[in-house]
Amino acid sequence: MTRHLLTLDSLGRDGILTNLDLAAQLKARRGMARTTLDGGRVGLIFDKPSTRTRVSFEAACWGLGMLPITLRSDELQIGRGETIADTARVLSRYLSAIVIRTFEQAKVEELARYASIPVINALTDDHHPCQALADVMAIREEFGRFDGIRVAFVGDGNNVSHSLIQAAGYLGFTLAVATPSGYEPDRGIVDAARAGCAVNGGAIELGHDVKAAVRGADAVYTDVWASMGQEKEREERARAFTGYRVDSELMSLAAPRAIFLHCLPAHRGDEVTDEVMDGPQSRVWDEAEDRWYTEAALLYALITGHDQWERAG
Ligand code: CP
Ligand code: NVA
């Protein structure tokens, strides 16, 4: 059966841990691996802007000897009415995998339903699983474990926080999510992650009190207040998120060794100050770098079905 990454549920605990192991081994080799993927081709479809996801996937393809073909939907016949199903069938004849960033989660799922090659969700309005893999890689690099780790997510309960909540459920760390009222994460995602925490450890805490979430945290995470596609809500959101800025004062409530994470792009001065972004606790550049290795490991595992790197040669 073709394996996809639609949300982190597609990987589960074992798949995430395998991804982290493969990614760590690849990082030691600067992203280069000679495998049976050599000569493969990956289509990257973007309906929204991207810096990290696009470039890290292209770098990941190159490191594995595959050709990345980056496309926008409005350059494809999808923009003129060709169905997603027919597009999936045709692209499956040329490519080894499809990576797609779009608005609706349903569109990614439809593509996957008709593709005979892996489809990877590179961000929708509801999920950003590739980001969460890099986030947990950065956390493991810092602390060497998930057990007993407390992460505070301060901001909007949408795509990035949803994937982080799923990661907490599978890996068993505590995630305290502080959002303004009306911006809470999806209840179904939270309930499923709580069921995961009951088995794997950790907990999902929800609330509106930023300080309570951050107090004693090992990592403090934030994201933009207005996501891609929400530009018109910018002012309304700036009002709603007043008090949700991560600054040095807020960071001082976290554990002494706490790190700061952000999926990026950051809107400096809104959700985070320059002082925190550029300060000694910030791990945002390492986190961004880890996108490359986790994505390469993902492409490898989904396309080949292997959970170990092949021997070089
Ligand atoms: N974090 C992230 O996905 O960044 P881009 O939007 O630049 O890809
Ligand atoms: N929540 C943000 C994440 C960007 C990587 C957005 O969807 O724009």
# chains A, B, ... in the order shown; residues from 1 in each chain; ligands from 1
$ residues_near_ligand --ligand "ligand 1" --cutoff "9 Å" --atoms "only C-alpha atoms and all ligand atoms" --output "PyMOL selection string"
chain A and resi 48-56+101+122-123+128+130-131+160+228+262-265+288+291
$ residues_around --residues "Ser163 (chain A)" --least-positions-apart "2" --cutoff "9 Å" --atoms "only C-alpha atoms" --output "list in words"
Thr7, Leu8, Asp126, His127, His128, Pro129, Cys130, Gln131, Ala132, Leu133, Asn158, Asn159, Val160, Ser161, Ile165, Gln166, Ala167, Ala168 and Ile189 of chain A
$ write_last_selection --atoms "N, CA and C atoms" --output "CSV table (one decimal), in the first residue's frame"
chain,number,residue,atom,x,y,z
A,7,THR,N,-1.1,13.7,7.9
A,7,THR,CA,-0.9,14.3,9.2
A,7,THR,C,0.1,13.4,9.9
A,8,LEU,N,0.5,13.8,11.1
A,8,LEU,CA,1.4,12.9,11.9
A,8,LEU,C,0.8,11.6,12.2
A,126,ASP,N,-4.8,23.2,8.3
A,126,ASP,CA,-5.1,22.4,9.5
A,126,ASP,C,-3.8,21.7,10.1
A,127,HIS,N,-2.9,21.4,9.2
A,127,HIS,CA,-1.7,20.6,9.7
A,127,HIS,C,-0.4,21.0,9.1
A,128,HIS,N,0.7,20.8,9.8
A,128,HIS,CA,2.0,21.0,9.2
A,128,HIS,C,3.0,19.9,9.8
A,129,PRO,N,2.7,18.7,9.3
A,129,PRO,CA,3.5,17.6,9.9
A,129,PRO,C,5.0,17.6,9.7
A,130,CYS,N,5.4,18.2,8.5
A,130,CYS,CA,6.9,18.2,8.3
A,130,CYS,C,7.5,19.2,9.3
A,131,GLN,N,6.8,20.2,9.6
A,131,GLN,CA,7.4,21.2,10.6
A,131,GLN,C,7.5,20.5,12.0
A,132,ALA,N,6.5,19.7,12.4
A,132,ALA,CA,6.6,19.1,13.7
A,132,ALA,C,7.7,18.1,13.8
A,133,LEU,N,8.1,17.4,12.7
A,133,LEU,CA,9.2,16.5,12.7
A,133,LEU,C,10.5,17.3,13.0
A,158,ASN,N,-3.8,26.6,15.4
A,158,ASN,CA,-4.1,26.1,14.0
A,158,ASN,C,-3.0,25.1,13.6
A,159,ASN,N,-2.6,25.1,12.3
A,159,ASN,CA,-1.8,24.1,11.7
A,159,ASN,C,-0.6,23.6,12.5
A,160,VAL,N,0.3,24.6,12.8
A,160,VAL,CA,1.5,24.3,13.5
A,160,VAL,C,1.3,23.7,14.9
A,161,SER,N,0.3,24.3,15.6
A,161,SER,CA,0.1,23.8,16.9
A,161,SER,C,-0.6,22.4,16.8
A,165,ILE,N,0.7,19.2,18.7
A,165,ILE,CA,-0.1,18.4,19.7
A,165,ILE,C,-0.1,16.9,19.3
A,166,GLN,N,-0.2,16.6,18.0
A,166,GLN,CA,-0.1,15.2,17.6
A,166,GLN,C,1.2,14.6,18.0
A,167,ALA,N,2.3,15.4,17.8
A,167,ALA,CA,3.6,14.9,18.2
A,167,ALA,C,3.7,14.6,19.7
A,168,ALA,N,3.1,15.5,20.5
A,168,ALA,CA,3.2,15.3,21.9
A,168,ALA,C,2.4,14.0,22.3
A,189,ILE,N,-8.5,16.8,17.6
A,189,ILE,CA,-7.0,16.5,17.6
A,189,ILE,C,-6.5,16.5,19.0
$ residues_around --residues "Gly201 (chain A)" --least-positions-apart "3" --cutoff "10 Å" --atoms "only C-alpha atoms" --output "list in words"
Phe146, Asp147, Gly148, Ala168, Gly169, Tyr170, Leu171, Gly172, Phe173, Thr174, Arg194, Ala195, Gly196, Cys197 and Ala198 of chain A
$ write_last_selection --atoms "N, CA and C atoms" --output "mmCIF file, in the first residue's frame"
data_model
loop_
_atom_site.group_PDB
_atom_site.id
_atom_site.type_symbol
_atom_site.label_atom_id
_atom_site.label_comp_id
_atom_site.auth_asym_id
_atom_site.auth_seq_id
_atom_site.Cartn_x
_atom_site.Cartn_y
_atom_site.Cartn_z
ATOM 1 N N PHE A 146 12.212 12.821 25.345
ATOM 2 C CA PHE A 146 10.911 13.492 25.368
ATOM 3 C C PHE A 146 10.239 13.321 26.728
ATOM 4 N N ASP A 147 10.606 12.237 27.358
ATOM 5 C CA ASP A 147 10.033 11.900 28.659
ATOM 6 C C ASP A 147 10.290 13.044 29.657
ATOM 7 N N GLY A 148 9.250 13.565 30.267
ATOM 8 C CA GLY A 148 9.409 14.607 31.284
ATOM 9 C C GLY A 148 9.622 16.012 30.732
ATOM 10 N N ALA A 168 3.132 15.480 20.489
ATOM 11 C CA ALA A 168 3.167 15.283 21.947
ATOM 12 C C ALA A 168 2.437 13.994 22.326
ATOM 13 N N GLY A 169 1.308 13.742 21.669
ATOM 14 C CA GLY A 169 0.548 12.523 21.939
ATOM 15 C C GLY A 169 1.339 11.269 21.607
ATOM 16 N N TYR A 170 2.055 11.311 20.498
ATOM 17 C CA TYR A 170 2.820 10.123 20.084
ATOM 18 C C TYR A 170 4.125 9.965 20.855
ATOM 19 N N LEU A 171 4.765 11.077 21.198
ATOM 20 C CA LEU A 171 6.095 10.974 21.824
ATOM 21 C C LEU A 171 6.043 11.083 23.344
ATOM 22 N N GLY A 172 4.884 11.508 23.871
ATOM 23 C CA GLY A 172 4.715 11.499 25.316
ATOM 24 C C GLY A 172 5.405 12.634 26.044
ATOM 25 N N PHE A 173 5.392 13.833 25.451
ATOM 26 C CA PHE A 173 5.834 14.998 26.223
ATOM 27 C C PHE A 173 4.624 15.859 26.566
ATOM 28 N N THR A 174 4.819 16.775 27.514
ATOM 29 C CA THR A 174 3.708 17.650 27.902
ATOM 30 C C THR A 174 3.718 18.896 27.030
ATOM 31 N N ARG A 194 -4.556 13.401 23.663
ATOM 32 C CA ARG A 194 -4.663 13.058 25.094
ATOM 33 C C ARG A 194 -4.734 11.536 25.274
ATOM 34 N N ALA A 195 -5.424 10.878 24.374
ATOM 35 C CA ALA A 195 -5.480 9.406 24.440
ATOM 36 C C ALA A 195 -4.069 8.851 24.235
ATOM 37 N N GLY A 196 -3.307 9.461 23.352
ATOM 38 C CA GLY A 196 -1.915 9.038 23.128
ATOM 39 C C GLY A 196 -1.070 9.263 24.367
ATOM 40 N N CYS A 197 -1.245 10.409 25.012
ATOM 41 C CA CYS A 197 -0.471 10.721 26.222
ATOM 42 C C CYS A 197 -0.790 9.721 27.345
ATOM 43 N N ALA A 198 -2.033 9.239 27.369
ATOM 44 C CA ALA A 198 -2.407 8.269 28.413
ATOM 45 C C ALA A 198 -1.559 7.008 28.289
#
$ closest_residue --among "A:Glu236, A:Thr124, A:Trp309, A:Ser248" --to "ligand 2" --atoms "only C-alpha atoms and all ligand atoms"
A:Thr124
$ closest_residue --among "A:Phe103, A:Trp62, A:Phe241, A:Tyr114" --to "ligand 2" --atoms "only C-alpha atoms and all ligand atoms"
A:Phe103
$ residues_around --residues "Arg283 (chain A)" --least-positions-apart "6" --cutoff "7 Å" --atoms "only C-alpha atoms" --output "JSON, numbers by chain"
{"A": [259, 260, 261]}
$ write_last_selection --atoms "all heavy atoms" --output "PDB file, in the first residue's frame"
ATOM      1  N   ILE A 259      14.675  26.482  25.882  1.00  0.00           N
ATOM      2  CA  ILE A 259      14.997  26.965  24.537  1.00  0.00           C
ATOM      3  C   ILE A 259      13.759  27.620  23.923  1.00  0.00           C
ATOM      4  O   ILE A 259      12.627  27.363  24.340  1.00  0.00           O
ATOM      5  CB  ILE A 259      15.501  25.826  23.622  1.00  0.00           C
ATOM      6  CG1 ILE A 259      14.454  24.688  23.509  1.00  0.00           C
ATOM      7  CG2 ILE A 259      16.832  25.289  24.141  1.00  0.00           C
ATOM      8  CD1 ILE A 259      14.789  23.649  22.430  1.00  0.00           C
ATOM      9  N   PHE A 260      14.005  28.456  22.911  1.00  0.00           N
ATOM     10  CA  PHE A 260      12.910  29.095  22.182  1.00  0.00           C
ATOM     11  C   PHE A 260      12.845  28.508  20.773  1.00  0.00           C
ATOM     12  O   PHE A 260      13.874  28.388  20.092  1.00  0.00           O
ATOM     13  CB  PHE A 260      13.124  30.615  22.105  1.00  0.00           C
ATOM     14  CG  PHE A 260      12.133  31.276  21.185  1.00  0.00           C
ATOM     15  CD1 PHE A 260      10.804  31.418  21.570  1.00  0.00           C
ATOM     16  CD2 PHE A 260      12.514  31.713  19.919  1.00  0.00           C
ATOM     17  CE1 PHE A 260       9.869  31.979  20.704  1.00  0.00           C
ATOM     18  CE2 PHE A 260      11.587  32.287  19.055  1.00  0.00           C
ATOM     19  CZ  PHE A 260      10.259  32.427  19.455  1.00  0.00           C
ATOM     20  N   LEU A 261      11.649  28.143  20.355  1.00  0.00           N
ATOM     21  CA  LEU A 261      11.431  27.577  19.016  1.00  0.00           C
ATOM     22  C   LEU A 261      10.365  28.381  18.270  1.00  0.00           C
ATOM     23  O   LEU A 261       9.451  28.931  18.876  1.00  0.00           O
ATOM     24  CB  LEU A 261      10.977  26.114  19.122  1.00  0.00           C
ATOM     25  CG  LEU A 261      11.963  25.133  19.768  1.00  0.00           C
ATOM     26  CD1 LEU A 261      11.288  23.774  19.974  1.00  0.00           C
ATOM     27  CD2 LEU A 261      13.226  24.976  18.926  1.00  0.00           C
TER      28      LEU A 261
END
$ closest_residue --among "A:Arg13, A:Phe143, A:Lys27, A:Asp125" --to "Gly229 (chain A)" --atoms "only C-alpha atoms"
A:Asp125
$ residues_around --residues "Val210 (chain A)" --least-positions-apart "4" --cutoff "8 Å" --atoms "only C-alpha atoms" --output "ChimeraX atom specification"
/A:154,178-179,214,243-244
$ write_last_selection --atoms "C-alpha atoms" --output "PDB file, in the first residue's frame"
ATOM      1  CA  VAL A 154       1.863  30.344  22.776  1.00  0.00           C
ATOM      2  CA  ALA A 178      -2.062  28.994  25.466  1.00  0.00           C
ATOM      3  CA  THR A 179      -4.343  30.671  22.921  1.00  0.00           C
ATOM      4  CA  VAL A 214       5.312  28.942  30.080  1.00  0.00           C
ATOM      5  CA  GLY A 243      -0.352  39.670  25.599  1.00  0.00           C
ATOM      6  CA  TYR A 244       0.735  36.633  23.561  1.00  0.00           C
TER       7      TYR A 244
END
$ closest_residue --among "A:Glu249, A:Glu289, A:Glu231, A:Glu142" --to "ligand 2" --atoms "only C-alpha atoms and all ligand atoms"
A:Glu231
$ closest_residue --among "A:Ala266, A:Leu20, A:Ala203, A:Ala134" --to "ligand 2" --atoms "only C-alpha atoms and all ligand atoms"
A:Ala266
$ atom_distance --atom1 "CA of Asp247 (chain A)" --atom2 "CA of Asp223 (chain A)"
13.4 Å
$ residues_around --residues "region 32-42 of chain A" --least-positions-apart "5" --cutoff "6 Å" --atoms "only C-alpha atoms" --output "list of chain:residue names"
A:Gly63, A:Leu64, A:Gly65, A:Met66, A:Leu67, A:Pro68, A:Leu95, A:Ser96, A:Ala97, A:Ile98, A:Ala312
$ select_by_dssp --residues "region 233-281 of chain A" --states "helix (DSSP H, G or I)" --output "MDAnalysis selection string"
chainID A and resid 233:240 248:251 274:277
$ write_last_selection --atoms "N, CA and C atoms" --output "compact mmCIF listing (two decimals), in the first residue's frame"
# COMPACT_ATOMS: atom_id res chain seq x y z
N GLU A 233 -7.38 39.36 8.25
CA GLU A 233 -7.72 39.36 9.69
C GLU A 233 -6.60 39.93 10.54
N ARG A 234 -5.59 40.48 9.90
CA ARG A 234 -4.37 40.88 10.60
C ARG A 234 -4.62 41.78 11.81
N GLU A 235 -5.41 42.84 11.58
CA GLU A 235 -5.62 43.81 12.68
C GLU A 235 -6.45 43.20 13.80
N GLU A 236 -7.50 42.50 13.41
CA GLU A 236 -8.37 41.85 14.39
C GLU A 236 -7.56 40.85 15.23
N ARG A 237 -6.67 40.13 14.57
CA ARG A 237 -5.85 39.15 15.28
C ARG A 237 -4.80 39.83 16.17
N ALA A 238 -4.25 40.93 15.69
CA ALA A 238 -3.26 41.65 16.51
C ALA A 238 -3.91 42.07 17.84
N ARG A 239 -5.19 42.45 17.76
CA ARG A 239 -5.92 42.81 18.99
C ARG A 239 -6.14 41.57 19.86
N ALA A 240 -6.60 40.50 19.22
CA ALA A 240 -6.93 39.28 19.98
C ALA A 240 -5.69 38.68 20.66
N SER A 248 11.53 38.57 26.62
CA SER A 248 12.50 38.07 27.62
C SER A 248 11.84 37.86 28.97
N GLU A 249 10.90 38.74 29.29
CA GLU A 249 10.22 38.61 30.59
C GLU A 249 9.45 37.29 30.65
N LEU A 250 8.76 36.97 29.56
CA LEU A 250 8.01 35.70 29.53
C LEU A 250 8.99 34.53 29.58
N MET A 251 10.07 34.62 28.80
CA MET A 251 11.07 33.53 28.78
C MET A 251 11.67 33.29 30.17
N ASP A 274 12.87 40.72 19.00
CA ASP A 274 14.22 40.49 18.46
C ASP A 274 15.12 39.85 19.52
N GLU A 275 14.95 40.34 20.75
CA GLU A 275 15.80 39.87 21.84
C GLU A 275 15.71 38.35 22.03
N VAL A 276 14.50 37.83 21.93
CA VAL A 276 14.32 36.38 22.09
C VAL A 276 14.77 35.64 20.83
N MET A 277 14.38 36.15 19.68
CA MET A 277 14.77 35.49 18.42
C MET A 277 16.29 35.37 18.30
$ atom_distance --atom1 "CA of Arg215 (chain A)" --atom2 "CA of Ile139 (chain A)"
17.6 Å
$ atom_distance --atom1 "CA of Glu184 (chain A)" --atom2 "CA of Val151 (chain A)"
16.6 Å
$ closest_residue --among "A:Val90, A:Ile69, A:Ala301, A:Ile120" --to "Ile16 (chain A)" --atoms "only C-alpha atoms"
A:Ala301
